[in-house]
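Below is one structure, written out as structure tokens; the observations come after it.
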Amino acid sequence: MAAAAGGKRGKAPRGAAGRRRLRAAVRAGPGARRGCPGGVSPVPGAEGRLRAAAGRPVDEEVSSDSEPESPSLGRRRREAAEEEVDETPQEKKLRLAKLYLEQLRQYEEERAEEEEEEETQPVDLIGTRLKEDVLEQKGRLQRLVAKDVQPPDPASIRVLRGHQLPVTCLVISPDDRFIFSASKDGSLIKWEVESGKRLCVVPGGKKGTEEQHMGHASHILCMAISSDGKYLATGDRNKLIMIWDTVTCKRLHIFTGHRDAVSGLSFRKGTHQLYSASHDRCVKVWNVAENAYVETLFGHQDVVTGLDSLSRECCVTAGGRDGTVRLWKIPEESQLVFYGHQGSIDCIQLINEEHMVSGADDGSVALWGLTKKKPLALARQAHGMQDAQGLQQPYWISAVAALRNSDLLATGSHSASVKLWKCGEGFRKLEPLWDIPLVGFVNSLKFSAAGDFLVAGIGQEHRLGRWWRVKEAKNSICIIPLKGRAAAPRPEAPDSS
């Protein structure tokens, strides 16, 4: 029995043992040596105050917990104790939300002053902006800006030349200050928008020299930039994805894993998660910050020709001649399949979280809602017809672009013009606006974030092949100013991650 009783005492509850150890520590701790009564139980904040008192001279009198303290001394002690406590996730979210609201208030007040809208109160402006944020997250935001866009003056178009072979892809930095472009010659160029100067050139190399040579050694087909402007990703015909520092243009990493040409890249907005599409018919997910492969998604029956994503953990892809557009839901490991084009679907871009636009070599441009498997609107022969070897066929749609969360679109072909389009209310109608004369294959189109200019990547050949050659075209970057500012820049919500 004694042994059993001893065993039971050995298994005393952890709470009781903890209290005994705590009482012993208090009796033997700094408070005991400074005259604190050994039997006094610890009170909230006592440990922090003892630490704060440890740095005082030995002969300084320290009051016990039972003695009254002056307000200033108590405040200093509380501040010292609070410094020991880390910020909780809830407090961080609250602080970031207050910071964002303050930025919005200042921004909207500045806009109101510029536009002389003194009768509008800042609170109302903030409320309107917050409503827009909610609509944007739900994918229902559609700013009606197309009606304000004027026909661009051809003489105002700036042409930047630097690539030897056709330009295949380009991106604009989030702050609209820089353009990154790539070409079939394997070169990568960073441009300054304001001056048109080449800030950095990474030339293409010979096949098999990727490890020794900094750049690509084959056609670069696609590129993407992270929403914070930190990383640039480029993909080529040699199955490689290269990650670059956007400031220095230094290569940071090479991702391998695709078994054919990499044809589409996109960063998930607000993260460093990268989606890639390939002619090997699959989509891969990567973590660029960790230089890590995440997973592979299968489903397309033909080469994947384009890819795009926004804030949600999903991406959309164009499936070439399998005739499908697909929405990949990454967490659920599921996909939605959309049908509507008759030919090879060569380009795709999201307009907002719930709508997208795509173009195909049957000459059609389609508007989609992610809840409908058929197009909401379809423009056939969007760029007209061409006479190819005695046969009449539509001009292929080689590039599409959308000004995010608006009703303004742009499409490109080799029909000697870029077309601007207006989406009808609810994205159920597609109306042509203006033609912008540009000779050559329009292989890439991008709107600036502010909507005040459109950039086109021009080449003598299609980015994916050599079916035709427009000899009079110049391999170049064209910056097209858009009169009637399409959208105002806005502060981004702070990242709480």
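Quick note on naming: the chains in the structure tokens go A, B, ... in the order shown, residues restart at 1 in each chain, and ligands are numbered from 1 in order of appearance.
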
Show me a table, sorted first by chain and then by increasing residue number, of the residues of range 314-396 of chain A having an atom at most 9 Å from range 406-415 of chain A, each with its shortest atom pair and the distance in Å to one decimal, counting only C-alpha atoms and written as JSON lines.
```
{"residue": "A:Ile351", "atom": "CA", "partner": "A:Ser406", "partner_atom": "CA", "distance": 7.2}
{"residue": "A:Asn352", "atom": "CA", "partner": "A:Ser406", "partner_atom": "CA", "distance": 8.1}
{"residue": "A:Val357", "atom": "CA", "partner": "A:Leu409", "partner_atom": "CA", "distance": 8.4}
{"residue": "A:Gly359", "atom": "CA", "partner": "A:Thr411", "partner_atom": "CA", "distance": 8.0}
{"residue": "A:Gly363", "atom": "CA", "partner": "A:Ser413", "partner_atom": "CA", "distance": 8.8}
{"residue": "A:Val365", "atom": "CA", "partner": "A:Thr411", "partner_atom": "CA", "distance": 8.2}
{"residue": "A:Ala382", "atom": "CA", "partner": "A:Thr411", "partner_atom": "CA", "distance": 8.6}
{"residue": "A:His383", "atom": "CA", "partner": "A:Ser415", "partner_atom": "CA", "distance": 6.5}
{"residue": "A:Gly384", "atom": "CA", "partner": "A:Ser415", "partner_atom": "CA", "distance": 7.8}
{"residue": "A:Met385", "atom": "CA", "partner": "A:Ser415", "partner_atom": "CA", "distance": 8.6}
{"residue": "A:Gln386", "atom": "CA", "partner": "A:Ser415", "partner_atom": "CA", "distance": 8.1}
{"residue": "A:Tyr395", "atom": "CA", "partner": "A:Ser413", "partner_atom": "CA", "distance": 6.4}
{"residue": "A:Trp396", "atom": "CA", "partner": "A:Ser413", "partner_atom": "CA", "distance": 5.8}
```

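Minimum atom-to-atom distance to Val201 in chain A, evaluated using only C-alpha atoms, belongs to A:His163 out of A:His163, A:Arg466, A:Lys239, A:Lys429.
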
Quick one: contact table of range 226-277 of chain A to range 289-297 of chain A, 8 Å max, nearest atom pair and distance in Å to one decimal per residue, counting only C-alpha atoms, chain and number order, as JSON lines?
```
{"residue": "A:His253", "atom": "CA", "partner": "A:Asn291", "partner_atom": "CA", "distance": 7.1}
{"residue": "A:Phe255", "atom": "CA", "partner": "A:Asn291", "partner_atom": "CA", "distance": 7.8}
{"residue": "A:His272", "atom": "CA", "partner": "A:Ala289", "partner_atom": "CA", "distance": 6.0}
{"residue": "A:Gln273", "atom": "CA", "partner": "A:Ala289", "partner_atom": "CA", "distance": 8.0}
```

Run DSSP on the backbone and tell me which residues of range 310-484 of chain A come out as strand (DSSP E); list them as a short mmCIF file (atom, residue, chain, number, x, y, z; two decimals) with N, CA, C and O atoms, in the first residue's frame.
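This is the output file states_29.cif:
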```cif
data_model
loop_
_atom_site.label_atom_id
_atom_site.label_comp_id
_atom_site.auth_asym_id
_atom_site.auth_seq_id
_atom_site.Cartn_x
_atom_site.Cartn_y
_atom_site.Cartn_z
N CYS A 314 -6.43 29.80 -57.68
CA CYS A 314 -6.87 29.09 -58.88
C CYS A 314 -6.25 29.78 -60.09
O CYS A 314 -5.75 30.90 -59.99
N CYS A 315 -6.28 29.12 -61.24
CA CYS A 315 -5.77 29.72 -62.47
C CYS A 315 -6.63 29.24 -63.63
O CYS A 315 -7.35 28.24 -63.53
N VAL A 316 -6.55 29.98 -64.75
CA VAL A 316 -7.29 29.60 -65.96
C VAL A 316 -6.28 29.35 -67.07
O VAL A 316 -5.22 29.99 -67.13
N THR A 317 -6.60 28.41 -67.95
CA THR A 317 -5.68 28.04 -69.03
C THR A 317 -6.43 27.90 -70.35
O THR A 317 -7.63 27.59 -70.38
N ALA A 318 -5.68 28.12 -71.44
CA ALA A 318 -6.20 27.91 -72.79
C ALA A 318 -5.56 26.62 -73.32
O ALA A 318 -4.34 26.46 -73.28
N THR A 324 -10.71 23.71 -75.32
CA THR A 324 -11.28 24.00 -74.01
C THR A 324 -10.51 25.11 -73.30
O THR A 324 -9.31 25.31 -73.50
N VAL A 325 -11.24 25.84 -72.47
CA VAL A 325 -10.67 26.72 -71.46
C VAL A 325 -10.95 26.06 -70.12
O VAL A 325 -12.05 25.53 -69.90
N ARG A 326 -9.97 26.06 -69.23
CA ARG A 326 -10.15 25.36 -67.95
C ARG A 326 -9.84 26.26 -66.76
O ARG A 326 -8.90 27.07 -66.82
N LEU A 327 -10.64 26.10 -65.73
CA LEU A 327 -10.41 26.76 -64.45
C LEU A 327 -9.94 25.70 -63.47
O LEU A 327 -10.63 24.72 -63.21
N TRP A 328 -8.74 25.90 -62.93
CA TRP A 328 -8.15 24.93 -62.01
C TRP A 328 -8.30 25.45 -60.58
O TRP A 328 -7.79 26.51 -60.24
N LYS A 329 -9.01 24.69 -59.75
CA LYS A 329 -9.16 25.02 -58.33
C LYS A 329 -8.13 24.22 -57.56
O LYS A 329 -8.27 23.02 -57.36
N SER A 334 -9.58 20.25 -58.35
CA SER A 334 -10.63 20.02 -59.34
C SER A 334 -10.49 21.03 -60.46
O SER A 334 -9.71 21.99 -60.38
N GLN A 335 -11.23 20.83 -61.55
CA GLN A 335 -11.18 21.73 -62.69
C GLN A 335 -12.56 21.85 -63.33
O GLN A 335 -13.36 20.91 -63.28
N LEU A 336 -12.83 23.04 -63.87
CA LEU A 336 -14.04 23.28 -64.65
C LEU A 336 -13.65 23.45 -66.10
O LEU A 336 -12.64 24.09 -66.41
N VAL A 337 -14.44 22.88 -67.02
CA VAL A 337 -14.11 22.88 -68.44
C VAL A 337 -15.13 23.74 -69.19
O VAL A 337 -16.34 23.60 -68.98
N PHE A 338 -14.64 24.64 -70.05
CA PHE A 338 -15.48 25.57 -70.82
C PHE A 338 -15.27 25.32 -72.32
O PHE A 338 -14.13 25.13 -72.76
N TYR A 339 -16.38 25.36 -73.06
CA TYR A 339 -16.33 25.16 -74.52
C TYR A 339 -16.96 26.35 -75.22
O TYR A 339 -17.93 26.92 -74.74
N ILE A 345 -7.29 27.60 -79.20
CA ILE A 345 -7.37 28.73 -78.28
C ILE A 345 -5.94 29.10 -77.89
O ILE A 345 -5.25 28.33 -77.23
N ASP A 346 -5.50 30.30 -78.30
CA ASP A 346 -4.09 30.65 -78.18
C ASP A 346 -3.77 31.64 -77.07
O ASP A 346 -2.60 31.82 -76.72
N CYS A 347 -4.77 32.34 -76.51
CA CYS A 347 -4.48 33.36 -75.50
C CYS A 347 -5.68 33.52 -74.57
O CYS A 347 -6.82 33.30 -74.97
N ILE A 348 -5.37 33.92 -73.34
CA ILE A 348 -6.42 34.05 -72.33
C ILE A 348 -5.98 35.04 -71.26
O ILE A 348 -4.79 35.16 -70.97
N GLN A 349 -6.95 35.77 -70.70
CA GLN A 349 -6.64 36.64 -69.55
C GLN A 349 -7.90 36.86 -68.73
O GLN A 349 -9.01 36.98 -69.26
N LEU A 350 -7.71 36.92 -67.40
CA LEU A 350 -8.80 37.21 -66.48
C LEU A 350 -9.09 38.71 -66.47
O LEU A 350 -8.17 39.53 -66.49
N ILE A 351 -10.37 39.07 -66.47
CA ILE A 351 -10.79 40.47 -66.35
C ILE A 351 -10.95 40.83 -64.88
O ILE A 351 -10.51 41.87 -64.42
N ASN A 352 -11.62 39.96 -64.15
CA ASN A 352 -11.71 40.05 -62.69
C ASN A 352 -11.80 38.62 -62.17
O ASN A 352 -11.53 37.67 -62.91
N HIS A 355 -14.64 36.72 -64.34
CA HIS A 355 -14.80 36.82 -65.80
C HIS A 355 -13.45 36.80 -66.48
O HIS A 355 -12.44 37.23 -65.91
N MET A 356 -13.44 36.29 -67.73
CA MET A 356 -12.18 36.22 -68.49
C MET A 356 -12.47 36.40 -69.97
O MET A 356 -13.62 36.34 -70.42
N VAL A 357 -11.40 36.62 -70.74
CA VAL A 357 -11.50 36.79 -72.19
C VAL A 357 -10.47 35.87 -72.83
O VAL A 357 -9.38 35.66 -72.30
N SER A 358 -10.82 35.31 -73.99
CA SER A 358 -9.90 34.42 -74.70
C SER A 358 -10.00 34.67 -76.19
O SER A 358 -11.00 35.20 -76.69
N GLY A 359 -8.95 34.28 -76.91
CA GLY A 359 -8.91 34.43 -78.36
C GLY A 359 -8.41 33.16 -79.01
O GLY A 359 -7.60 32.42 -78.42
N ALA A 360 -8.87 32.90 -80.25
CA ALA A 360 -8.53 31.65 -80.92
C ALA A 360 -8.14 31.91 -82.37
O ALA A 360 -8.35 33.00 -82.91
N VAL A 365 -13.26 36.05 -80.46
CA VAL A 365 -12.93 36.53 -79.12
C VAL A 365 -14.13 36.21 -78.23
O VAL A 365 -15.27 36.55 -78.59
N ALA A 366 -13.89 35.58 -77.08
CA ALA A 366 -14.98 35.14 -76.22
C ALA A 366 -14.87 35.76 -74.84
O ALA A 366 -13.77 35.87 -74.28
N LEU A 367 -16.03 36.15 -74.30
CA LEU A 367 -16.13 36.60 -72.91
C LEU A 367 -16.77 35.47 -72.11
O LEU A 367 -17.80 34.92 -72.52
N TRP A 368 -16.20 35.16 -70.95
CA TRP A 368 -16.67 34.05 -70.14
C TRP A 368 -17.00 34.51 -68.73
O TRP A 368 -16.32 35.37 -68.17
N GLY A 369 -18.01 33.87 -68.14
CA GLY A 369 -18.24 33.94 -66.70
C GLY A 369 -17.85 32.60 -66.12
O GLY A 369 -18.14 31.55 -66.73
N ALA A 377 -20.43 36.12 -74.29
CA ALA A 377 -20.46 36.88 -75.55
C ALA A 377 -19.36 36.34 -76.45
O ALA A 377 -18.30 35.92 -75.97
N LEU A 378 -19.61 36.34 -77.75
CA LEU A 378 -18.65 35.81 -78.72
C LEU A 378 -18.63 36.70 -79.95
O LEU A 378 -19.65 36.92 -80.59
N ALA A 379 -17.45 37.23 -80.27
CA ALA A 379 -17.28 38.04 -81.48
C ALA A 379 -16.52 37.20 -82.50
O ALA A 379 -15.33 36.91 -82.31
N MET A 385 -11.19 39.10 -92.25
CA MET A 385 -10.76 37.93 -93.03
C MET A 385 -9.49 38.26 -93.81
O MET A 385 -9.23 39.41 -94.15
N GLN A 386 -8.72 37.21 -94.09
CA GLN A 386 -7.50 37.36 -94.88
C GLN A 386 -7.51 36.38 -96.04
O GLN A 386 -8.16 35.32 -95.97
N ASP A 387 -6.79 36.71 -97.07
CA ASP A 387 -6.66 35.83 -98.23
C ASP A 387 -5.34 35.10 -98.12
O ASP A 387 -4.27 35.67 -98.35
N ALA A 388 -5.37 33.85 -97.72
CA ALA A 388 -4.17 33.05 -97.54
C ALA A 388 -4.13 31.95 -98.58
O ALA A 388 -4.92 31.00 -98.53
N LEU A 391 -7.32 31.16 -100.22
CA LEU A 391 -8.42 30.77 -99.34
C LEU A 391 -8.73 31.91 -98.38
O LEU A 391 -7.84 32.56 -97.84
N GLN A 392 -10.02 32.13 -98.15
CA GLN A 392 -10.45 33.14 -97.19
C GLN A 392 -10.54 32.51 -95.80
O GLN A 392 -11.22 31.50 -95.61
N GLN A 393 -9.81 33.07 -94.86
CA GLN A 393 -9.89 32.59 -93.48
C GLN A 393 -9.71 33.76 -92.52
O GLN A 393 -9.13 34.78 -92.88
N PRO A 394 -10.21 33.61 -91.31
CA PRO A 394 -10.14 34.72 -90.36
C PRO A 394 -8.69 34.98 -89.91
O PRO A 394 -7.86 34.07 -89.91
N ALA A 399 -3.26 37.72 -79.34
CA ALA A 399 -3.07 38.29 -77.99
C ALA A 399 -4.36 38.95 -77.53
O ALA A 399 -5.10 39.53 -78.33
N VAL A 400 -4.64 38.85 -76.23
CA VAL A 400 -5.76 39.56 -75.61
C VAL A 400 -5.25 40.23 -74.34
O VAL A 400 -4.29 39.77 -73.72
N ALA A 401 -5.88 41.34 -73.97
CA ALA A 401 -5.53 42.04 -72.73
C ALA A 401 -6.79 42.64 -72.15
O ALA A 401 -7.72 43.01 -72.88
N ALA A 402 -6.83 42.73 -70.83
CA ALA A 402 -7.97 43.32 -70.13
C ALA A 402 -7.44 44.29 -69.08
O ALA A 402 -6.48 43.97 -68.36
N LEU A 408 -12.88 47.47 -70.35
CA LEU A 408 -12.02 47.76 -71.50
C LEU A 408 -11.13 46.57 -71.83
O LEU A 408 -10.42 46.05 -70.96
N LEU A 409 -11.16 46.15 -73.11
CA LEU A 409 -10.34 45.04 -73.59
C LEU A 409 -9.54 45.47 -74.80
O LEU A 409 -9.87 46.46 -75.47
N ALA A 410 -8.50 44.70 -75.12
CA ALA A 410 -7.72 44.90 -76.34
C ALA A 410 -7.39 43.54 -76.93
O ALA A 410 -7.15 42.57 -76.20
N THR A 411 -7.39 43.45 -78.27
CA THR A 411 -7.03 42.22 -78.95
C THR A 411 -6.04 42.53 -80.06
O THR A 411 -6.03 43.62 -80.63
N GLY A 412 -5.19 41.54 -80.36
CA GLY A 412 -4.19 41.70 -81.41
C GLY A 412 -4.16 40.51 -82.34
O GLY A 412 -4.48 39.38 -81.96
N SER A 417 -3.61 46.01 -87.13
CA SER A 417 -4.22 46.88 -86.12
C SER A 417 -4.46 46.13 -84.82
O SER A 417 -4.64 44.91 -84.81
N VAL A 418 -4.42 46.91 -83.74
CA VAL A 418 -4.87 46.43 -82.42
C VAL A 418 -6.26 47.00 -82.21
O VAL A 418 -6.51 48.18 -82.49
N LYS A 419 -7.17 46.20 -81.73
CA LYS A 419 -8.55 46.64 -81.53
C LYS A 419 -8.85 46.82 -80.04
O LYS A 419 -8.45 45.98 -79.22
N LEU A 420 -9.53 47.92 -79.70
CA LEU A 420 -10.05 48.14 -78.36
C LEU A 420 -11.53 47.80 -78.35
O LEU A 420 -12.26 48.11 -79.30
N TRP A 421 -11.97 47.17 -77.27
CA TRP A 421 -13.36 46.70 -77.15
C TRP A 421 -13.96 47.17 -75.83
O TRP A 421 -13.25 47.37 -74.84
N LYS A 422 -15.27 47.30 -75.85
CA LYS A 422 -16.03 47.61 -74.65
C LYS A 422 -16.91 46.42 -74.29
O LYS A 422 -17.64 45.89 -75.15
N CYS A 423 -16.83 45.97 -73.03
CA CYS A 423 -17.72 44.91 -72.54
C CYS A 423 -19.04 45.53 -72.12
O CYS A 423 -19.06 46.50 -71.36
N LEU A 430 -20.04 42.42 -76.51
CA LEU A 430 -18.71 42.85 -76.88
C LEU A 430 -18.83 43.85 -78.03
O LEU A 430 -19.26 43.49 -79.13
N GLU A 431 -18.48 45.10 -77.76
CA GLU A 431 -18.65 46.16 -78.76
C GLU A 431 -17.29 46.72 -79.18
O GLU A 431 -16.49 47.10 -78.32
N PRO A 432 -16.97 46.77 -80.49
CA PRO A 432 -15.69 47.35 -80.93
C PRO A 432 -15.67 48.86 -80.70
O PRO A 432 -16.67 49.55 -80.91
N LEU A 433 -14.51 49.36 -80.27
CA LEU A 433 -14.35 50.79 -80.02
C LEU A 433 -13.49 51.44 -81.09
O LEU A 433 -13.97 52.19 -81.92
N TRP A 434 -12.17 51.14 -81.06
CA TRP A 434 -11.23 51.81 -81.94
C TRP A 434 -10.22 50.81 -82.49
O TRP A 434 -9.94 49.79 -81.88
N ASP A 435 -9.67 51.16 -83.67
CA ASP A 435 -8.56 50.41 -84.26
C ASP A 435 -7.29 51.24 -84.13
O ASP A 435 -7.28 52.44 -84.44
N ILE A 436 -6.21 50.61 -83.67
CA ILE A 436 -4.91 51.28 -83.53
C ILE A 436 -3.97 50.66 -84.55
O ILE A 436 -3.66 49.46 -84.46
N PRO A 437 -3.51 51.39 -85.55
CA PRO A 437 -2.68 50.80 -86.61
C PRO A 437 -1.31 50.35 -86.11
O PRO A 437 -0.53 51.14 -85.59
N PHE A 441 2.83 40.90 -86.30
CA PHE A 441 2.12 40.02 -85.37
C PHE A 441 2.14 40.65 -83.98
O PHE A 441 3.21 40.93 -83.43
N VAL A 442 0.96 40.87 -83.42
CA VAL A 442 0.86 41.36 -82.04
C VAL A 442 0.89 40.13 -81.14
O VAL A 442 -0.11 39.46 -80.94
N ASN A 443 2.08 39.85 -80.59
CA ASN A 443 2.26 38.62 -79.82
C ASN A 443 1.97 38.79 -78.33
O ASN A 443 1.85 37.80 -77.62
N SER A 444 1.88 40.03 -77.87
CA SER A 444 1.60 40.27 -76.45
C SER A 444 0.99 41.65 -76.28
O SER A 444 1.38 42.60 -76.97
N LEU A 445 0.04 41.75 -75.38
CA LEU A 445 -0.62 43.02 -75.06
C LEU A 445 -0.76 43.14 -73.55
O LEU A 445 -1.13 42.17 -72.88
N LYS A 446 -0.49 44.33 -73.01
CA LYS A 446 -0.67 44.56 -71.57
C LYS A 446 -1.11 46.00 -71.33
O LYS A 446 -0.51 46.94 -71.88
N PHE A 447 -2.14 46.19 -70.51
CA PHE A 447 -2.54 47.51 -70.04
C PHE A 447 -1.70 47.87 -68.82
O PHE A 447 -1.38 47.01 -67.99
N PHE A 453 -1.85 53.73 -70.48
CA PHE A 453 -1.19 53.32 -71.72
C PHE A 453 -1.32 51.81 -71.91
O PHE A 453 -1.57 51.06 -70.97
N LEU A 454 -1.16 51.40 -73.16
CA LEU A 454 -1.22 50.00 -73.57
C LEU A 454 0.10 49.67 -74.25
O LEU A 454 0.61 50.46 -75.05
N VAL A 455 0.68 48.51 -73.94
CA VAL A 455 1.95 48.10 -74.53
C VAL A 455 1.74 46.87 -75.39
O VAL A 455 1.08 45.92 -74.96
N ALA A 456 2.29 46.90 -76.60
CA ALA A 456 2.17 45.78 -77.54
C ALA A 456 3.56 45.26 -77.89
O ALA A 456 4.48 46.05 -78.15
N GLY A 457 3.72 43.95 -77.91
CA GLY A 457 4.94 43.31 -78.37
C GLY A 457 4.75 42.86 -79.81
O GLY A 457 3.89 42.02 -80.09
N ILE A 458 5.54 43.42 -80.73
CA ILE A 458 5.35 43.20 -82.16
C ILE A 458 6.47 42.32 -82.71
O ILE A 458 7.65 42.47 -82.34
N GLY A 459 6.11 41.43 -83.63
CA GLY A 459 7.10 40.59 -84.29
C GLY A 459 6.74 40.34 -85.74
O GLY A 459 5.59 40.53 -86.15
N SER A 476 9.61 44.92 -82.21
CA SER A 476 9.69 46.09 -81.33
C SER A 476 8.64 46.05 -80.22
O SER A 476 7.75 45.19 -80.21
N ILE A 477 8.78 47.01 -79.31
CA ILE A 477 7.79 47.27 -78.25
C ILE A 477 7.11 48.59 -78.60
O ILE A 477 7.78 49.59 -78.87
N CYS A 478 5.79 48.61 -78.61
CA CYS A 478 5.04 49.83 -78.92
C CYS A 478 4.25 50.27 -77.68
O CYS A 478 3.46 49.48 -77.14
N ILE A 479 4.48 51.51 -77.24
CA ILE A 479 3.76 52.08 -76.10
C ILE A 479 2.69 53.01 -76.64
O ILE A 479 2.99 54.02 -77.29
N ILE A 480 1.42 52.66 -76.40
CA ILE A 480 0.28 53.38 -76.96
C ILE A 480 -0.40 54.17 -75.83
O ILE A 480 -1.00 53.59 -74.93
N PRO A 481 -0.31 55.50 -75.84
CA PRO A 481 -0.98 56.29 -74.80
C PRO A 481 -2.49 56.26 -74.99
O PRO A 481 -2.98 56.30 -76.12
#
```

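You can rank A:Val285, A:Ile254, A:Gly343, A:Asp361 by their closest distance to Ile330 in chain A using only C-alpha atoms, and at the top of that list sits A:Val285.
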
Can you tell me which residues surround Pro174 in chain A at a distance of at most 9 Å, considering only C-alpha atoms, apart from same-chain residues fewer than 3 positions away, and format the answer as a PyMOL selection string? chain A and resi 177-178+225-229+448-449
